[in-house]
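Trainee: File follows, structure-v6.cif with mmCIF, C-alpha atoms and all ligand atoms; chains and numbers go by the auth columns:
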data_run
#
loop_
_atom_site.group_PDB
_atom_site.id
_atom_site.type_symbol
_atom_site.label_atom_id
_atom_site.label_comp_id
_atom_site.label_asym_id
_atom_site.label_seq_id
_atom_site.Cartn_x
_atom_site.Cartn_y
_atom_site.Cartn_z
_atom_site.B_iso_or_equiv
_atom_site.auth_seq_id
_atom_site.auth_asym_id
ATOM 1 C CA MET A 1 118.743 115.652 104.581 0.00 19 A
ATOM 2 C CA THR A 2 116.013 118.067 103.507 0.00 20 A
ATOM 3 C CA THR A 3 116.716 120.229 100.462 0.00 21 A
ATOM 4 C CA VAL A 4 114.759 123.189 99.104 0.00 22 A
ATOM 5 C CA LEU A 5 115.472 123.915 95.444 0.00 23 A
ATOM 6 C CA LYS A 6 114.305 127.085 93.710 0.00 24 A
ATOM 7 C CA LEU A 7 114.038 126.943 89.950 0.00 25 A
ATOM 8 C CA GLY A 8 114.177 130.562 88.815 0.00 26 A
ATOM 9 C CA GLY A 9 111.303 131.754 86.653 0.00 27 A
ATOM 10 C CA SER A 10 113.807 133.031 84.089 0.00 28 A
ATOM 11 C CA VAL A 11 115.390 129.578 83.954 0.00 29 A
ATOM 12 C CA VAL A 12 112.239 127.590 83.165 0.00 30 A
ATOM 13 C CA THR A 13 110.265 130.130 81.092 0.00 31 A
ATOM 14 C CA ASP A 14 110.932 132.332 78.107 0.00 32 A
ATOM 15 C CA LYS A 15 110.698 135.753 79.724 0.00 33 A
ATOM 16 C CA ASP A 16 110.272 137.575 76.414 0.00 34 A
ATOM 17 C CA ARG A 17 106.959 135.912 75.503 0.00 35 A
ATOM 18 C CA ALA A 18 103.847 135.871 77.712 0.00 36 A
ATOM 19 C CA GLU A 19 103.089 132.434 79.149 0.00 37 A
ATOM 20 C CA ALA A 20 105.855 130.623 77.279 0.00 38 A
ATOM 21 C CA LEU A 21 107.902 127.808 78.752 0.00 39 A
ATOM 22 C CA ASP A 22 111.579 127.274 78.107 0.00 40 A
ATOM 23 C CA GLY A 23 110.862 123.607 77.418 0.00 41 A
ATOM 24 C CA PRO A 24 114.466 122.388 76.963 0.00 42 A
ATOM 25 C CA ALA A 25 115.598 124.164 80.162 0.00 43 A
ATOM 26 C CA LEU A 26 112.680 122.727 82.151 0.00 44 A
ATOM 27 C CA ASP A 27 113.383 119.252 80.729 0.00 45 A
ATOM 28 C CA ALA A 28 117.054 119.518 81.728 0.00 46 A
ATOM 29 C CA ALA A 29 116.101 120.585 85.264 0.00 47 A
ATOM 30 C CA ALA A 30 113.524 117.781 85.547 0.00 48 A
ATOM 31 C CA ASP A 31 116.129 115.259 84.306 0.00 49 A
ATOM 32 C CA ALA A 32 118.592 116.444 86.966 0.00 50 A
ATOM 33 C CA VAL A 33 115.967 116.183 89.735 0.00 51 A
ATOM 34 C CA ALA A 34 114.820 112.729 88.598 0.00 52 A
ATOM 35 C CA ASP A 35 118.397 111.402 88.383 0.00 53 A
ATOM 36 C CA ALA A 36 119.344 112.791 91.813 0.00 54 A
ATOM 37 C CA LEU A 37 116.295 111.179 93.435 0.00 55 A
ATOM 38 C CA ALA A 38 116.799 107.863 91.614 0.00 56 A
ATOM 39 C CA SER A 39 120.469 107.676 92.629 0.00 57 A
ATOM 40 C CA GLY A 40 119.712 108.589 96.242 0.00 58 A
ATOM 41 C CA ASP A 41 121.953 111.680 96.061 0.00 59 A
ATOM 42 C CA THR A 42 118.916 113.718 97.135 0.00 60 A
ATOM 43 C CA SER A 43 116.074 112.399 99.288 0.00 61 A
ATOM 44 C CA ASP A 44 113.665 114.841 100.925 0.00 62 A
ATOM 45 C CA LEU A 45 113.269 117.485 98.236 0.00 63 A
ATOM 46 C CA VAL A 46 110.991 120.520 98.035 0.00 64 A
ATOM 47 C CA VAL A 47 110.884 122.401 94.722 0.00 65 A
ATOM 48 C CA VAL A 48 109.812 126.047 94.414 0.00 66 A
ATOM 49 C CA HIS A 49 109.534 127.812 91.066 0.00 67 A
ATOM 50 C CA GLY A 50 109.277 131.469 90.187 0.00 68 A
ATOM 51 C CA GLY A 51 106.825 133.236 87.910 0.00 69 A
ATOM 52 C CA GLY A 52 108.839 134.013 84.791 0.00 70 A
ATOM 53 C CA SER A 53 106.626 134.995 81.880 0.00 71 A
ATOM 54 C CA PHE A 54 103.523 133.540 83.575 0.00 72 A
ATOM 55 C CA GLY A 55 102.855 135.381 86.874 0.00 73 A
ATOM 56 C CA HIS A 56 104.773 138.582 86.157 0.00 74 A
ATOM 57 C CA HIS A 57 102.893 139.270 82.944 0.00 75 A
ATOM 58 C CA HIS A 58 99.501 139.206 84.689 0.00 76 A
ATOM 59 C CA ALA A 59 100.753 140.965 87.829 0.00 77 A
ATOM 60 C CA SER A 60 102.079 143.927 85.855 0.00 78 A
ATOM 61 C CA LYS A 61 98.931 144.035 83.712 0.00 79 A
ATOM 62 C CA HIS A 62 96.924 144.617 86.914 0.00 80 A
ATOM 63 C CA GLY A 63 99.520 146.874 88.597 0.00 81 A
ATOM 64 C CA VAL A 64 100.126 144.307 91.340 0.00 82 A
ATOM 65 C CA SER A 65 103.553 143.943 92.987 0.00 83 A
ATOM 66 C CA LYS A 66 104.916 142.969 96.393 0.00 84 A
ATOM 67 C CA THR A 67 103.803 146.350 97.726 0.00 85 A
ATOM 68 C CA GLU A 68 100.862 147.319 95.457 0.00 86 A
ATOM 69 C CA GLY A 69 97.811 145.144 95.929 0.00 87 A
ATOM 70 C CA THR A 70 94.456 144.624 94.264 0.00 88 A
ATOM 71 C CA ASP A 71 91.040 144.037 95.791 0.00 89 A
ATOM 72 C CA ASP A 72 89.736 142.779 92.457 0.00 90 A
ATOM 73 C CA ALA A 73 89.206 139.035 92.901 0.00 91 A
ATOM 74 C CA GLY A 74 89.224 138.551 89.121 0.00 92 A
ATOM 75 C CA ALA A 75 92.686 140.110 88.812 0.00 93 A
ATOM 76 C CA ALA A 76 93.973 138.040 91.732 0.00 94 A
ATOM 77 C CA LEU A 77 92.552 134.907 90.163 0.00 95 A
ATOM 78 C CA GLU A 78 94.207 135.685 86.818 0.00 96 A
ATOM 79 C CA ILE A 79 97.638 135.942 88.473 0.00 97 A
ATOM 80 C CA HIS A 80 97.035 132.795 90.495 0.00 98 A
ATOM 81 C CA ALA A 81 95.682 130.881 87.472 0.00 99 A
ATOM 82 C CA ALA A 82 98.777 131.743 85.428 0.00 100 A
ATOM 83 C CA MET A 83 100.995 130.448 88.223 0.00 101 A
ATOM 84 C CA LYS A 84 98.916 127.267 88.499 0.00 102 A
ATOM 85 C CA THR A 85 99.343 126.743 84.756 0.00 103 A
ATOM 86 C CA LEU A 86 103.134 126.992 85.107 0.00 104 A
ATOM 87 C CA ASN A 87 102.983 124.719 88.164 0.00 105 A
ATOM 88 C CA ASP A 88 101.055 122.141 86.106 0.00 106 A
ATOM 89 C CA PHE A 89 103.800 122.214 83.459 0.00 107 A
ATOM 90 C CA VAL A 90 106.516 121.720 86.084 0.00 108 A
ATOM 91 C CA LEU A 91 104.560 118.872 87.709 0.00 109 A
ATOM 92 C CA SER A 92 103.925 117.106 84.431 0.00 110 A
ATOM 93 C CA ARG A 93 107.593 117.294 83.332 0.00 111 A
ATOM 94 C CA LEU A 94 108.551 115.781 86.697 0.00 112 A
ATOM 95 C CA HIS A 95 105.873 113.076 86.462 0.00 113 A
ATOM 96 C CA GLU A 96 107.095 112.110 82.992 0.00 114 A
ATOM 97 C CA ARG A 97 110.313 111.165 84.802 0.00 115 A
ATOM 98 C CA ASP A 98 108.554 109.300 87.647 0.00 116 A
ATOM 99 C CA VAL A 99 109.205 112.038 90.220 0.00 117 A
ATOM 100 C CA PRO A 100 106.297 111.897 92.731 0.00 118 A
ATOM 101 C CA ALA A 101 105.659 115.642 92.575 0.00 119 A
ATOM 102 C CA VAL A 102 102.537 117.182 94.144 0.00 120 A
ATOM 103 C CA PRO A 103 101.350 120.807 94.118 0.00 121 A
ATOM 104 C CA VAL A 104 101.213 123.312 96.972 0.00 122 A
ATOM 105 C CA HIS A 105 99.618 126.615 95.980 0.00 123 A
ATOM 106 C CA PRO A 106 100.750 129.328 98.414 0.00 124 A
ATOM 107 C CA PHE A 107 97.687 131.507 97.678 0.00 125 A
ATOM 108 C CA SER A 108 95.632 129.158 99.860 0.00 126 A
ATOM 109 C CA ALA A 109 98.323 128.529 102.476 0.00 127 A
ATOM 110 C CA ALA A 110 99.790 131.969 103.171 0.00 128 A
ATOM 111 C CA CYS A 111 98.956 135.521 104.244 0.00 129 A
ATOM 112 C CA ARG A 112 100.699 138.781 105.033 0.00 130 A
ATOM 113 C CA ASN A 113 99.815 141.074 107.922 0.00 131 A
ATOM 114 C CA ARG A 114 99.795 144.905 107.813 0.00 132 A
ATOM 115 C CA GLU A 115 103.560 144.969 108.456 0.00 133 A
ATOM 116 C CA ALA A 116 103.966 142.658 105.424 0.00 134 A
ATOM 117 C CA ASP A 117 105.188 139.777 107.593 0.00 135 A
ATOM 118 C CA LEU A 118 104.496 136.518 105.827 0.00 136 A
ATOM 119 C CA THR A 119 102.919 133.436 107.358 0.00 137 A
ATOM 120 C CA LEU A 120 103.122 130.269 105.256 0.00 138 A
ATOM 121 C CA MET A 121 101.697 126.999 106.499 0.00 139 A
ATOM 122 C CA THR A 122 104.208 124.167 106.119 0.00 140 A
ATOM 123 C CA GLU A 123 102.779 121.206 108.061 0.00 141 A
ATOM 124 C CA GLN A 124 101.329 119.835 104.822 0.00 142 A
ATOM 125 C CA VAL A 125 104.767 120.096 103.171 0.00 143 A
ATOM 126 C CA GLU A 126 106.322 118.045 105.977 0.00 144 A
ATOM 127 C CA THR A 127 103.573 115.435 105.735 0.00 145 A
ATOM 128 C CA MET A 128 104.050 115.221 101.959 0.00 146 A
ATOM 129 C CA LEU A 129 107.800 114.649 102.451 0.00 147 A
ATOM 130 C CA GLY A 130 107.059 111.994 105.061 0.00 148 A
ATOM 131 C CA GLU A 131 104.831 110.216 102.541 0.00 149 A
ATOM 132 C CA GLY A 132 107.557 110.234 99.907 0.00 150 A
ATOM 133 C CA PHE A 133 106.204 113.062 97.728 0.00 151 A
ATOM 134 C CA VAL A 134 108.086 116.000 96.241 0.00 152 A
ATOM 135 C CA PRO A 135 106.067 119.144 97.079 0.00 153 A
ATOM 136 C CA VAL A 136 106.247 121.777 94.349 0.00 154 A
ATOM 137 C CA LEU A 137 105.454 125.345 95.493 0.00 155 A
ATOM 138 C CA HIS A 138 105.662 128.581 93.532 0.00 156 A
ATOM 139 C CA GLY A 139 105.540 132.349 93.577 0.00 157 A
ATOM 140 C CA ASP A 140 101.871 133.381 93.740 0.00 158 A
ATOM 141 C CA GLY A 141 99.411 136.018 94.813 0.00 159 A
ATOM 142 C CA VAL A 142 98.976 136.323 98.578 0.00 160 A
ATOM 143 C CA VAL A 143 96.203 137.906 100.612 0.00 161 A
ATOM 144 C CA HIS A 144 97.659 140.930 102.375 0.00 162 A
ATOM 145 C CA GLU A 145 95.965 142.713 105.292 0.00 163 A
ATOM 146 C CA GLY A 146 94.881 146.184 104.164 0.00 164 A
ATOM 147 C CA LYS A 147 96.012 145.726 100.535 0.00 165 A
ATOM 148 C CA GLY A 148 93.897 142.953 99.065 0.00 166 A
ATOM 149 C CA VAL A 149 96.249 140.639 97.172 0.00 167 A
ATOM 150 C CA THR A 150 99.943 141.329 96.532 0.00 168 A
ATOM 151 C CA VAL A 151 102.694 139.323 94.819 0.00 169 A
ATOM 152 C CA LEU A 152 104.486 136.638 96.801 0.00 170 A
ATOM 153 C CA SER A 153 107.816 135.906 95.152 0.00 171 A
ATOM 154 C CA GLY A 154 109.241 132.420 94.849 0.00 172 A
ATOM 155 C CA ASP A 155 112.263 133.654 96.842 0.00 173 A
ATOM 156 C CA GLU A 156 110.023 134.532 99.775 0.00 174 A
ATOM 157 C CA VAL A 157 108.369 131.124 99.516 0.00 175 A
ATOM 158 C CA VAL A 158 111.808 129.475 99.617 0.00 176 A
ATOM 159 C CA THR A 159 112.894 131.205 102.817 0.00 177 A
ATOM 160 C CA ALA A 160 109.513 130.675 104.503 0.00 178 A
ATOM 161 C CA VAL A 161 109.302 126.983 103.598 0.00 179 A
ATOM 162 C CA ALA A 162 112.977 126.374 104.472 0.00 180 A
ATOM 163 C CA GLU A 163 112.411 127.909 107.914 0.00 181 A
ATOM 164 C CA GLY A 164 109.093 126.119 108.394 0.00 182 A
ATOM 165 C CA ILE A 165 110.461 122.644 107.680 0.00 183 A
ATOM 166 C CA ASP A 166 113.935 123.355 109.105 0.00 184 A
ATOM 167 C CA ALA A 167 115.653 122.532 105.787 0.00 185 A
ATOM 168 C CA ASP A 168 119.300 121.450 105.747 0.00 186 A
ATOM 169 C CA ARG A 169 120.226 123.025 102.404 0.00 187 A
ATOM 170 C CA VAL A 170 118.783 125.593 100.059 0.00 188 A
ATOM 171 C CA GLY A 171 119.715 126.025 96.398 0.00 189 A
ATOM 172 C CA PHE A 172 118.798 128.740 93.900 0.00 190 A
ATOM 173 C CA CYS A 173 119.141 127.697 90.291 0.00 191 A
ATOM 174 C CA SER A 174 119.336 131.055 88.569 0.00 192 A
ATOM 175 C CA THR A 175 120.298 132.360 85.118 0.00 193 A
ATOM 176 C CA VAL A 176 123.668 133.549 86.465 0.00 194 A
ATOM 177 C CA PRO A 177 126.363 131.184 87.798 0.00 195 A
ATOM 178 C CA GLY A 178 126.386 132.846 91.247 0.00 196 A
ATOM 179 C CA VAL A 179 126.798 136.267 92.830 0.00 197 A
ATOM 180 C CA LEU A 180 129.224 138.152 90.619 0.00 198 A
ATOM 181 C CA ASP A 181 131.891 140.702 91.547 0.00 199 A
ATOM 182 C CA ASP A 182 132.678 143.800 89.472 0.00 200 A
ATOM 183 C CA GLU A 183 134.710 141.688 87.032 0.00 201 A
ATOM 184 C CA ASP A 184 131.873 139.206 86.581 0.00 202 A
ATOM 185 C CA ALA A 185 133.723 136.503 88.515 0.00 203 A
ATOM 186 C CA VAL A 186 131.652 134.266 90.802 0.00 204 A
ATOM 187 C CA ILE A 187 132.158 135.093 94.499 0.00 205 A
ATOM 188 C CA PRO A 188 132.621 131.619 96.074 0.00 206 A
ATOM 189 C CA GLU A 189 131.365 132.442 99.561 0.00 207 A
ATOM 190 C CA ILE A 190 129.478 135.225 101.349 0.00 208 A
ATOM 191 C CA ARG A 191 129.359 135.332 105.147 0.00 209 A
ATOM 192 C CA SER A 192 128.186 138.901 105.675 0.00 210 A
ATOM 193 C CA TYR A 193 126.463 141.559 103.613 0.00 211 A
ATOM 194 C CA ASP A 194 129.350 143.980 104.172 0.00 212 A
ATOM 195 C CA GLU A 195 131.682 141.702 102.172 0.00 213 A
ATOM 196 C CA VAL A 196 129.633 142.201 99.009 0.00 214 A
ATOM 197 C CA VAL A 197 127.868 145.506 99.530 0.00 215 A
ATOM 198 C CA GLU A 198 130.071 147.154 96.862 0.00 216 A
ATOM 199 C CA PHE A 199 128.836 144.679 94.221 0.00 217 A
ATOM 200 C CA LEU A 200 125.176 144.627 95.253 0.00 218 A
ATOM 201 C CA GLY A 201 124.399 148.304 95.439 0.00 219 A
ATOM 202 C CA GLY A 202 124.296 149.170 99.119 0.00 220 A
ATOM 203 C CA SER A 203 122.525 147.731 102.119 0.00 221 A
ATOM 204 C CA ASP A 204 119.599 150.119 101.811 0.00 222 A
ATOM 205 C CA SER A 205 118.940 149.470 98.137 0.00 223 A
ATOM 206 C CA THR A 206 115.324 148.531 97.610 0.00 224 A
ATOM 207 C CA ASP A 207 114.422 145.186 96.211 0.00 225 A
ATOM 208 C CA VAL A 208 110.955 144.896 94.831 0.00 226 A
ATOM 209 C CA THR A 209 111.875 142.663 91.931 0.00 227 A
ATOM 210 C CA GLY A 210 113.605 139.805 93.759 0.00 228 A
ATOM 211 C CA GLY A 211 117.050 141.005 92.708 0.00 229 A
ATOM 212 C CA MET A 212 120.356 139.700 93.979 0.00 230 A
ATOM 213 C CA ALA A 213 120.729 142.171 96.890 0.00 231 A
ATOM 214 C CA GLY A 214 117.456 141.132 98.511 0.00 232 A
ATOM 215 C CA LYS A 215 118.175 137.472 97.843 0.00 233 A
ATOM 216 C CA VAL A 216 121.590 137.649 99.535 0.00 234 A
ATOM 217 C CA ARG A 217 120.182 139.505 102.547 0.00 235 A
ATOM 218 C CA ALA A 218 117.359 136.991 103.005 0.00 236 A
ATOM 219 C CA LEU A 219 119.723 134.024 102.650 0.00 237 A
ATOM 220 C CA LEU A 220 122.217 135.411 105.177 0.00 238 A
ATOM 221 C CA ALA A 221 119.372 135.528 107.708 0.00 239 A
ATOM 222 C CA LEU A 222 118.339 131.937 107.000 0.00 240 A
ATOM 223 C CA GLY A 223 119.357 129.158 109.418 0.00 241 A
ATOM 224 C CA ALA A 224 120.555 126.826 106.636 0.00 242 A
ATOM 225 C CA PRO A 225 123.435 127.311 104.183 0.00 243 A
ATOM 226 C CA ALA A 226 122.266 128.399 100.735 0.00 244 A
ATOM 227 C CA THR A 227 123.848 128.257 97.311 0.00 245 A
ATOM 228 C CA ILE A 228 123.191 130.348 94.201 0.00 246 A
ATOM 229 C CA PHE A 229 124.281 128.703 90.960 0.00 247 A
ATOM 230 C CA GLY A 230 123.468 128.481 87.248 0.00 248 A
ATOM 231 C CA PRO A 231 121.597 125.721 85.367 0.00 249 A
ATOM 232 C CA ASP A 232 124.840 123.940 84.430 0.00 250 A
ATOM 233 C CA ASP A 233 125.533 123.349 88.133 0.00 251 A
ATOM 234 C CA LEU A 234 122.136 121.946 89.111 0.00 252 A
ATOM 235 C CA ARG A 235 123.358 118.337 89.036 0.00 253 A
ATOM 236 C CA ALA A 236 126.377 119.196 91.199 0.00 254 A
ATOM 237 C CA PHE A 237 124.141 120.926 93.755 0.00 255 A
ATOM 238 C CA LEU A 238 121.764 117.952 93.902 0.00 256 A
ATOM 239 C CA ALA A 239 124.776 115.638 94.353 0.00 257 A
ATOM 240 C CA GLY A 240 125.612 117.538 97.557 0.00 258 A
ATOM 241 C CA GLU A 241 128.244 119.924 96.186 0.00 259 A
ATOM 242 C CA THR A 242 128.175 123.704 96.665 0.00 260 A
ATOM 243 C CA PRO A 243 128.721 125.191 93.212 0.00 261 A
ATOM 244 C CA GLY A 244 128.382 128.912 92.533 0.00 262 A
ATOM 245 C CA THR A 245 128.159 131.166 95.583 0.00 263 A
ATOM 246 C CA ARG A 246 127.683 129.691 99.049 0.00 264 A
ATOM 247 C CA ILE A 247 125.823 132.003 101.427 0.00 265 A
ATOM 248 C CA ASP A 248 126.051 131.238 105.108 0.00 266 A
ATOM 249 C CA GLY A 249 125.320 133.881 107.715 0.00 267 A
ATOM 250 C CA GLY A 250 126.277 131.405 110.474 0.00 268 A
HETATM 251 O O1 LIG B . 109.349 135.015 89.850 0.00 301 B
HETATM 252 C C1 LIG B . 106.608 135.819 91.199 0.00 301 B
HETATM 253 O O2 LIG B . 107.573 134.897 91.645 0.00 301 B
HETATM 254 P P1 LIG B . 109.128 135.205 91.327 0.00 301 B
HETATM 255 C C2 LIG B . 105.177 135.285 91.224 0.00 301 B
HETATM 256 O O3 LIG B . 109.890 134.242 92.146 0.00 301 B
HETATM 257 C C3 LIG B . 104.200 136.181 90.570 0.00 301 B
HETATM 258 O O4 LIG B . 109.401 136.639 91.740 0.00 301 B
HETATM 259 C C4 LIG B . 102.796 135.918 90.829 0.00 301 B
HETATM 260 C C5 LIG B . 104.490 137.174 89.778 0.00 301 B
#
What's the structure tokens form of this structure?
Ligand code: IP8
Mentor:
Amino acid sequence: MTTVLKLGGSVVTDKDRAEALDGPALDAAADAVADALASGDTSDLVVVHGGGSFGHHHASKHGVSKTEGTDDAGAALEIHAAMKTLNDFVLSRLHERDVPAVPVHPFSAACRNREADLTLMTEQVETMLGEGFVPVLHGDGVVHEGKGVTVLSGDEVVTAVAEGIDADRVGFCSTVPGVLDDEDAVIPEIRSYDEVVEFLGGSDSTDVTGGMAGKVRALLALGAPATIFGPDDLRAFLAGETPGTRIDGG
């Protein structure tokens, strides 16, 4: 059973301060991952983390987004370096708990064409899993035909890696406990975008920030069932449960 787990950037960093971790939240997530692997509840696990106060700070400083690129290698390197720093923190918290985590930096394994279609190499991820490692990927900069370097969100990495390795389950640990309706109650299951369009702002709403609408649309198109849940439900997800909102486009 192959699982892809996204740790939201807002979960593991302090978004109000540049390059600041949320240490207790990252420790709690690393504890949950280590316990799930030690108990055998989870076996083949890929972790992806977002940018939080690391990547986004540098990307906005240089005016770089998913659609606006830079051809300044120094700016691209600054964004990438910030994400590598966060990746190092995530890896070291996992290693402290004997999780055999290894890095995969999408900057060097991905590209976008002129139509913004993403290609992410995943053979190395499969080989790492086969060797018993836990690959840890992240949102990053990505070279983009005609635009230099643009932002690659952790959400895009999740869908690309899940498709590439044919994952069985996908989980998004986010700051909210799931997709919420207009009374802030968690919607337990979403099978089509039409069911939730009234809560997510319309099927043509733009999503440049990795918001919930874009996330739901991408997950409905994914082959594997996905779950969006809050940090308190991470252990339940890793134990095989489907807390929060289950998204399955069939
Ligand atoms: O936090 C963004 O990843 P996200 C990565 O998943 C960068 O949107 C470089 C800002």
Trainee: Which residues are near ligand LIG 301 (chain B) - at most 10 Å, using all atoms listed in the file? Format: as a PyMOL selection string.
Mentor: chain A and resi 24-28+66-78+82-84+94+96-102+125+156-160+168-176+226-229
Trainee: Work out how far apart atom CA of Leu63 of chain A and atom CA of Gly148 of chain A are and give it in Å to one decimal.
Mentor: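 Between atom CA of Leu63 of chain A and atom CA of Gly148 of chain A the gap is 10.7 Å.
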Trainee: Which protein, DNA or RNA residues have an atom at most 12 Å from (126.6, 124.8, 84.4), counting only C-alpha atoms? List them as a list of chain:residue names.
Mentor: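 The residues near that point, listed by chain and number, are A:Ala43, A:Ala46, A:Ala47, A:Ala50, A:Cys191, A:Ser192, A:Thr193, A:Val194, A:Pro195, A:Gly196, A:Ile246, A:Phe247, A:Gly248, A:Pro249, A:Asp250, A:Asp251, A:Leu252, A:Arg253, A:Ala254, A:Phe255, A:Pro261, A:Gly262.
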Trainee: Restricting the calculation to all atoms listed in the file, which member of A:Val234, A:Val64, A:Ala203, A:Ala239 is positioned closest to Val179 of chain A?
Mentor: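 The closest residue to Val179 of chain A is A:Val64.
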Trainee: One decimal, Å: what's the distance from atom CA of Asp89 of chain A over to atom CA of Pro124 of chain A, could you say?
Mentor: 17.8 Å
Trainee: Within 12 Å of Thr20 of chain A, counting only C-alpha atoms, which residues qualify if same-chain residues fewer than 4 places away don't, as an NGL selection string?
Mentor: :A and (59-65 or 143-144 or 147-148 or 152-153 or 179-189 or 242-243 or 256 or 258)
Trainee: Specify as a PyMOL selection string each residue included when the PyMOL selection byres (((chain A and resi 136) around 10) and not hetatm) is applied to this file.
Mentor: chain A and resi 128-135+137-139+160-162+170+174-175+178
